[in-house]
Amino acid sequence: MKIQFTLLLAFLFLVSFSYSQKRTFKKSFYFASASYELDSTEMAKAKKYFKLLDKFNLTKIEIFGFADSDGNEKSNLKLSQNRINTLANMLKERGYETEQKIEAKGESNPVYSNDNEEKYKNRRVEVVAYYSGKKGSEKKTKSKKKVVEKTNLVAAKKEIKLRVEDFKKGETIELPSVQFVGGTAEFLPGAEDILDKVIPILRKNPTLQVEIAGHICCGNDMRLSTERAYVVYQYLIKYGVEEKMLIFKGYNNTQPKYGNIMDVRNRRVELKVL
C-alpha cells in the first residue's frame, strides 16, 4: 500500500512538473477562401506576433494548417500545407532557425461549423512557439534582480488562490494572472502557470460545466474576445480537461470590471460555473 501511495505521489509530481514546463505563445492566422496568402490585417498580426517572439529564447515552433470543407479532402490538405508554408517562410526570413514541427490537417479539427458565417475560423494556421525564458534575463545585475524579486512578491500577494469549493454553480472564478499581449490572444508570461492550477481541479470534478469568458479593453473587437476565450479552452483540453465540460464565449468590451473600458485589467478571461 505504501509503495502504491509513493508511486501515486511521484506520478502527480511528474504531471504537475510537465504542466509547468509548457510555456508557449500561440497565435491563429486566418485566410480567405481557397487562399494561402495573408491579407493586410493578418499580416499586421503576424508582424506584431514576431516582435513578441523576438524578446524570448525559443526552443521549438509548431505550425498546424487547416481548411474549411469547401472543395475535396485532397485539395484541402494541400491548401493547408501551403498556408503552413506561408508562415514557415516568414519565420525563416526573420531568422528563426529553431526546431519546427509542421502538420497539415486539411479540413479536420474544425473550430466552428462549416455551415455558418464563422467558418472562416476553420481556414487558419496555428503557430505555437515554445520558449525557455526572456532574452537577456540571465544578464540582469544583482540590483535589478532584487527589484524583480520584490515585484514578484507584490504580484504574489494579489494572486487569488484557487480552491475546489470555489467552483460552485453560479460562481465566477477570476484569473488575474491570465493576461494577454495588447491586441492579441497571446498569453503573457505567467498565464499558463495559473491555468495549470485550474486543470487538476477540473479533472477531479468532471461533472462541472464551465464557461470560459473572454473580455477586451481599449477597443471594440468581439472576435478578439472570443479568441482569448478559445486559447484558454484549447489549453485546458490539451492538458486533460474533458471537452464536454467547457464552452467558450467572447463578451467584447461589454463587461468592464475595472473602471472604464480603457483600463488594461479588463483584458482578461474568467471562468463561469454554470
# chains A, B, ... in the order shown; residues from 1 in each chain; ligands from 1

$ select_by_dssp --residues "segment 52-250 of chain A" --states "strand (DSSP E)" --output "ChimeraX atom specification"
/A:56-65,99-104,124-134,172-174,210-214,246-250

$ closest_residue --among "A:Gly240, A:Gly214, A:Gly183, A:Gly65" --to "Lys101 of chain A" --atoms "only C-alpha atoms"
A:Gly65

$ closest_residue --among "A:Thr172, A:Gln255, A:Gln179, A:Asn122" --to "Ser28 of chain A" --atoms "only C-alpha atoms"
A:Asn122

$ residues_around --residues "Ile237 of chain A" --least-positions-apart "2" --cutoff "12 Å" --atoms "only C-alpha atoms" --output "VMD selection string"
chain A and resid 195 to 196 198 to 200 202 to 203 230 to 235 239 to 248

$ residues_around --residues "Asn253 of chain A" --least-positions-apart "6" --cutoff "8 Å" --atoms "only C-alpha atoms" --output "list in words"
His215, Ile216, Cys217, Cys218, Gly219, Asn220, Asp221, Met222 and Ile261 of chain A

$ write_last_selection --atoms "N, CA and C atoms" --output "short mmCIF file (atom, residue, chain, number, x, y, z; two decimals), in the first residue's frame"
data_model
loop_
_atom_site.label_atom_id
_atom_site.label_comp_id
_atom_site.auth_asym_id
_atom_site.auth_seq_id
_atom_site.Cartn_x
_atom_site.Cartn_y
_atom_site.Cartn_z
N HIS A 215 -12.72 38.72 -22.49
CA HIS A 215 -13.03 40.16 -22.45
C HIS A 215 -11.85 40.95 -23.03
N ILE A 216 -12.15 42.16 -23.51
CA ILE A 216 -11.10 43.03 -24.02
C ILE A 216 -11.22 44.40 -23.36
N CYS A 217 -10.19 45.19 -23.55
CA CYS A 217 -10.23 46.60 -23.16
C CYS A 217 -9.90 47.46 -24.37
N CYS A 218 -10.08 48.72 -24.23
CA CYS A 218 -9.47 49.69 -25.15
C CYS A 218 -9.88 49.53 -26.61
N GLY A 219 -11.09 49.05 -26.86
CA GLY A 219 -11.50 48.91 -28.25
C GLY A 219 -12.83 48.21 -28.37
N ASN A 220 -13.13 47.78 -29.59
CA ASN A 220 -14.39 47.12 -29.88
C ASN A 220 -14.09 45.96 -30.81
N ASP A 221 -13.94 44.74 -30.27
CA ASP A 221 -13.48 43.62 -31.08
C ASP A 221 -14.01 42.31 -30.49
N MET A 222 -15.22 41.94 -30.90
CA MET A 222 -15.83 40.71 -30.40
C MET A 222 -14.98 39.49 -30.78
N ILE A 261 -13.67 51.15 -19.81
CA ILE A 261 -13.20 50.08 -20.71
C ILE A 261 -11.75 50.25 -21.11
#

$ closest_residue --among "A:Phe66, A:Tyr130, A:Tyr120, A:Phe180" --to "Phe25 of chain A" --atoms "only C-alpha atoms"
A:Tyr130

$ residues_around --residues "Thr86 of chain A" --least-positions-apart "2" --cutoff "12 Å" --atoms "only C-alpha atoms" --output "ChimeraX atom specification"
/A:29-31,35-39,42-43,46,63-65,79-84,88-93,124-127

$ residues_around --residues "Gly250 of chain A" --least-positions-apart "6" --cutoff "6 Å" --atoms "only C-alpha atoms" --output "PyMOL selection string"
chain A and resi 213-214+225-226

$ write_last_selection --atoms "N, CA, C and O atoms" --output "compact mmCIF listing (two decimals), in the first residue's frame"
# COMPACT_ATOMS: atom_id res chain seq x y z
N ALA A 213 -15.02 32.84 -20.34
CA ALA A 213 -15.50 34.13 -20.82
C ALA A 213 -14.32 35.04 -21.16
O ALA A 213 -13.47 35.32 -20.31
N GLY A 214 -14.26 35.50 -22.41
CA GLY A 214 -13.17 36.37 -22.85
C GLY A 214 -13.61 37.82 -22.92
O GLY A 214 -14.73 38.13 -23.34
N SER A 225 -12.08 38.99 -28.33
CA SER A 225 -12.51 38.47 -27.03
C SER A 225 -12.83 36.98 -27.12
O SER A 225 -12.56 36.22 -26.19
N THR A 226 -13.39 36.55 -28.25
CA THR A 226 -13.69 35.13 -28.45
C THR A 226 -12.40 34.33 -28.59
O THR A 226 -12.27 33.22 -28.05

$ select_by_dssp --residues "segment 42-206 of chain A" --states "alpha helix (DSSP H)" --output "ChimeraX atom specification"
/A:42-53,73-93,142-158,191-204

$ atom_distance --atom1 "atom CA of Ile212 of chain A" --atom2 "atom CA of Thr184 of chain A"
17.0 Å

$ closest_residue --among "A:Ile194, A:Ala44, A:Val273, A:Ala67" --to "Thr207 of chain A" --atoms "only C-alpha atoms"
A:Val273

$ closest_residue --among "A:Gly170, A:Gly136, A:Asn260, A:Lys249" --to "Asp54 of chain A" --atoms "only C-alpha atoms"
A:Gly136

$ atom_distance --atom1 "atom CA of Ala191 of chain A" --atom2 "atom CA of Arg265 of chain A"
13.6 Å

$ residues_around --residues "Lys168 of chain A" --least-positions-apart "4" --cutoff "10 Å" --atoms "only C-alpha atoms" --output "PyMOL selection string"
chain A and resi 164+172-173+208-210+272-274

$ closest_residue --among "A:Ala34, A:Leu53, A:Ala229, A:Val264" --to "Lys135 of chain A" --atoms "only C-alpha atoms"
A:Leu53

$ decode --residues "segment 78-91 of chain A" --atoms "all heavy atoms" --output "PDB file, in the first residue's frame"
ATOM      1  N   LYS A  78      -3.715  19.913 -49.274  1.00  0.00           N
ATOM      2  CA  LYS A  78      -2.655  20.650 -49.958  1.00  0.00           C
ATOM      3  C   LYS A  78      -2.735  22.136 -49.631  1.00  0.00           C
ATOM      4  O   LYS A  78      -1.705  22.793 -49.408  1.00  0.00           O
ATOM      5  CB  LYS A  78      -2.769  20.442 -51.467  1.00  0.00           C
ATOM      6  CG  LYS A  78      -1.661  21.126 -52.256  1.00  0.00           C
ATOM      7  CD  LYS A  78      -1.776  20.847 -53.744  1.00  0.00           C
ATOM      8  CE  LYS A  78      -0.669  21.549 -54.524  1.00  0.00           C
ATOM      9  NZ  LYS A  78      -0.778  21.275 -55.985  1.00  0.00           N
ATOM     10  N   LEU A  79      -3.960  22.673 -49.572  1.00  0.00           N
ATOM     11  CA  LEU A  79      -4.149  24.083 -49.256  1.00  0.00           C
ATOM     12  C   LEU A  79      -3.649  24.392 -47.850  1.00  0.00           C
ATOM     13  O   LEU A  79      -2.986  25.421 -47.620  1.00  0.00           O
ATOM     14  CB  LEU A  79      -5.634  24.445 -49.380  1.00  0.00           C
ATOM     15  CG  LEU A  79      -6.023  25.898 -49.081  1.00  0.00           C
ATOM     16  CD1 LEU A  79      -5.291  26.862 -49.993  1.00  0.00           C
ATOM     17  CD2 LEU A  79      -7.544  26.063 -49.220  1.00  0.00           C
ATOM     18  N   SER A  80      -3.948  23.515 -46.899  1.00  0.00           N
ATOM     19  CA  SER A  80      -3.496  23.743 -45.526  1.00  0.00           C
ATOM     20  C   SER A  80      -1.972  23.689 -45.441  1.00  0.00           C
ATOM     21  O   SER A  80      -1.353  24.422 -44.665  1.00  0.00           O
ATOM     22  CB  SER A  80      -4.132  22.728 -44.565  1.00  0.00           C
ATOM     23  OG  SER A  80      -3.707  21.409 -44.841  1.00  0.00           O
ATOM     24  N   GLN A  81      -1.329  22.835 -46.275  1.00  0.00           N
ATOM     25  CA  GLN A  81       0.128  22.785 -46.308  1.00  0.00           C
ATOM     26  C   GLN A  81       0.702  24.082 -46.882  1.00  0.00           C
ATOM     27  O   GLN A  81       1.699  24.617 -46.379  1.00  0.00           O
ATOM     28  CB  GLN A  81       0.596  21.598 -47.148  1.00  0.00           C
ATOM     29  CG  GLN A  81       2.109  21.458 -47.225  1.00  0.00           C
ATOM     30  CD  GLN A  81       2.755  21.225 -45.867  1.00  0.00           C
ATOM     31  OE1 GLN A  81       2.452  20.242 -45.193  1.00  0.00           O
ATOM     32  NE2 GLN A  81       3.638  22.123 -45.448  1.00  0.00           N
ATOM     33  N   ASN A  82       0.071  24.623 -47.919  1.00  0.00           N
ATOM     34  CA  ASN A  82       0.528  25.883 -48.493  1.00  0.00           C
ATOM     35  C   ASN A  82       0.391  27.032 -47.490  1.00  0.00           C
ATOM     36  O   ASN A  82       1.226  27.939 -47.453  1.00  0.00           O
ATOM     37  CB  ASN A  82      -0.251  26.200 -49.766  1.00  0.00           C
ATOM     38  CG  ASN A  82       0.162  25.327 -50.936  1.00  0.00           C
ATOM     39  OD1 ASN A  82       1.281  24.815 -50.976  1.00  0.00           O
ATOM     40  ND2 ASN A  82      -0.737  25.130 -51.891  1.00  0.00           N
ATOM     41  N   ARG A  83      -0.660  26.985 -46.686  1.00  0.00           N
ATOM     42  CA  ARG A  83      -0.842  28.007 -45.657  1.00  0.00           C
ATOM     43  C   ARG A  83       0.270  27.900 -44.606  1.00  0.00           C
ATOM     44  O   ARG A  83       0.779  28.912 -44.120  1.00  0.00           O
ATOM     45  CB  ARG A  83      -2.234  27.863 -45.023  1.00  0.00           C
ATOM     46  CG  ARG A  83      -3.342  28.318 -45.951  1.00  0.00           C
ATOM     47  CD  ARG A  83      -4.738  27.967 -45.458  1.00  0.00           C
ATOM     48  NE  ARG A  83      -5.739  28.554 -46.354  1.00  0.00           N
ATOM     49  CZ  ARG A  83      -7.023  28.224 -46.365  1.00  0.00           C
ATOM     50  NH1 ARG A  83      -7.479  27.297 -45.526  1.00  0.00           N
ATOM     51  NH2 ARG A  83      -7.852  28.822 -47.201  1.00  0.00           N
ATOM     52  N   ILE A  84       0.620  26.686 -44.259  1.00  0.00           N
ATOM     53  CA  ILE A  84       1.743  26.471 -43.344  1.00  0.00           C
ATOM     54  C   ILE A  84       3.015  27.068 -43.933  1.00  0.00           C
ATOM     55  O   ILE A  84       3.780  27.752 -43.245  1.00  0.00           O
ATOM     56  CB  ILE A  84       1.940  24.964 -43.065  1.00  0.00           C
ATOM     57  CG1 ILE A  84       0.855  24.441 -42.138  1.00  0.00           C
ATOM     58  CG2 ILE A  84       3.317  24.695 -42.451  1.00  0.00           C
ATOM     59  CD1 ILE A  84       0.883  22.943 -41.947  1.00  0.00           C
ATOM     60  N   ASN A  85       3.251  26.802 -45.223  1.00  0.00           N
ATOM     61  CA  ASN A  85       4.461  27.295 -45.878  1.00  0.00           C
ATOM     62  C   ASN A  85       4.557  28.813 -45.809  1.00  0.00           C
ATOM     63  O   ASN A  85       5.656  29.366 -45.658  1.00  0.00           O
ATOM     64  CB  ASN A  85       4.494  26.837 -47.339  1.00  0.00           C
ATOM     65  CG  ASN A  85       4.640  25.329 -47.476  1.00  0.00           C
ATOM     66  OD1 ASN A  85       5.039  24.654 -46.533  1.00  0.00           O
ATOM     67  ND2 ASN A  85       4.304  24.800 -48.640  1.00  0.00           N
ATOM     68  N   THR A  86       3.406  29.490 -45.900  1.00  0.00           N
ATOM     69  CA  THR A  86       3.402  30.949 -45.821  1.00  0.00           C
ATOM     70  C   THR A  86       3.989  31.413 -44.498  1.00  0.00           C
ATOM     71  O   THR A  86       4.873  32.278 -44.464  1.00  0.00           O
ATOM     72  CB  THR A  86       1.969  31.495 -45.972  1.00  0.00           C
ATOM     73  OG1 THR A  86       1.478  31.179 -47.279  1.00  0.00           O
ATOM     74  CG2 THR A  86       1.927  33.013 -45.778  1.00  0.00           C
ATOM     75  N   LEU A  87       3.536  30.831 -43.387  1.00  0.00           N
ATOM     76  CA  LEU A  87       4.033  31.235 -42.070  1.00  0.00           C
ATOM     77  C   LEU A  87       5.452  30.734 -41.843  1.00  0.00           C
ATOM     78  O   LEU A  87       6.290  31.456 -41.275  1.00  0.00           O
ATOM     79  CB  LEU A  87       3.099  30.712 -40.973  1.00  0.00           C
ATOM     80  CG  LEU A  87       1.911  31.607 -40.567  1.00  0.00           C
ATOM     81  CD1 LEU A  87       2.402  32.959 -40.047  1.00  0.00           C
ATOM     82  CD2 LEU A  87       0.939  31.812 -41.693  1.00  0.00           C
ATOM     83  N   ALA A  88       5.738  29.514 -42.298  1.00  0.00           N
ATOM     84  CA  ALA A  88       7.073  28.960 -42.096  1.00  0.00           C
ATOM     85  C   ALA A  88       8.127  29.801 -42.819  1.00  0.00           C
ATOM     86  O   ALA A  88       9.212  30.049 -42.282  1.00  0.00           O
ATOM     87  CB  ALA A  88       7.117  27.515 -42.588  1.00  0.00           C
ATOM     88  N   ASN A  89       7.808  30.251 -44.014  1.00  0.00           N
ATOM     89  CA  ASN A  89       8.748  31.081 -44.766  1.00  0.00           C
ATOM     90  C   ASN A  89       8.954  32.441 -44.096  1.00  0.00           C
ATOM     91  O   ASN A  89      10.067  32.970 -44.079  1.00  0.00           O
ATOM     92  CB  ASN A  89       8.247  31.271 -46.196  1.00  0.00           C
ATOM     93  CG  ASN A  89       8.360  30.003 -47.020  1.00  0.00           C
ATOM     94  OD1 ASN A  89       9.181  29.135 -46.737  1.00  0.00           O
ATOM     95  ND2 ASN A  89       7.529  29.882 -48.041  1.00  0.00           N
ATOM     96  N   MET A  90       7.879  32.996 -43.539  1.00  0.00           N
ATOM     97  CA  MET A  90       8.001  34.268 -42.838  1.00  0.00           C
ATOM     98  C   MET A  90       8.890  34.121 -41.608  1.00  0.00           C
ATOM     99  O   MET A  90       9.712  34.996 -41.314  1.00  0.00           O
ATOM    100  CB  MET A  90       6.613  34.786 -42.445  1.00  0.00           C
ATOM    101  CG  MET A  90       5.754  35.214 -43.618  1.00  0.00           C
ATOM    102  SD  MET A  90       4.079  35.690 -43.126  1.00  0.00           S
ATOM    103  CE  MET A  90       4.427  37.210 -42.248  1.00  0.00           C
ATOM    104  N   LEU A  91       8.747  33.018 -40.900  1.00  0.00           N
ATOM    105  CA  LEU A  91       9.593  32.760 -39.733  1.00  0.00           C
ATOM    106  C   LEU A  91      11.052  32.591 -40.149  1.00  0.00           C
ATOM    107  O   LEU A  91      11.965  33.097 -39.490  1.00  0.00           O
ATOM    108  CB  LEU A  91       9.099  31.516 -38.999  1.00  0.00           C
ATOM    109  CG  LEU A  91       7.804  31.680 -38.195  1.00  0.00           C
ATOM    110  CD1 LEU A  91       7.216  30.310 -37.859  1.00  0.00           C
ATOM    111  CD2 LEU A  91       8.043  32.474 -36.926  1.00  0.00           C
TER     112      LEU A  91
END
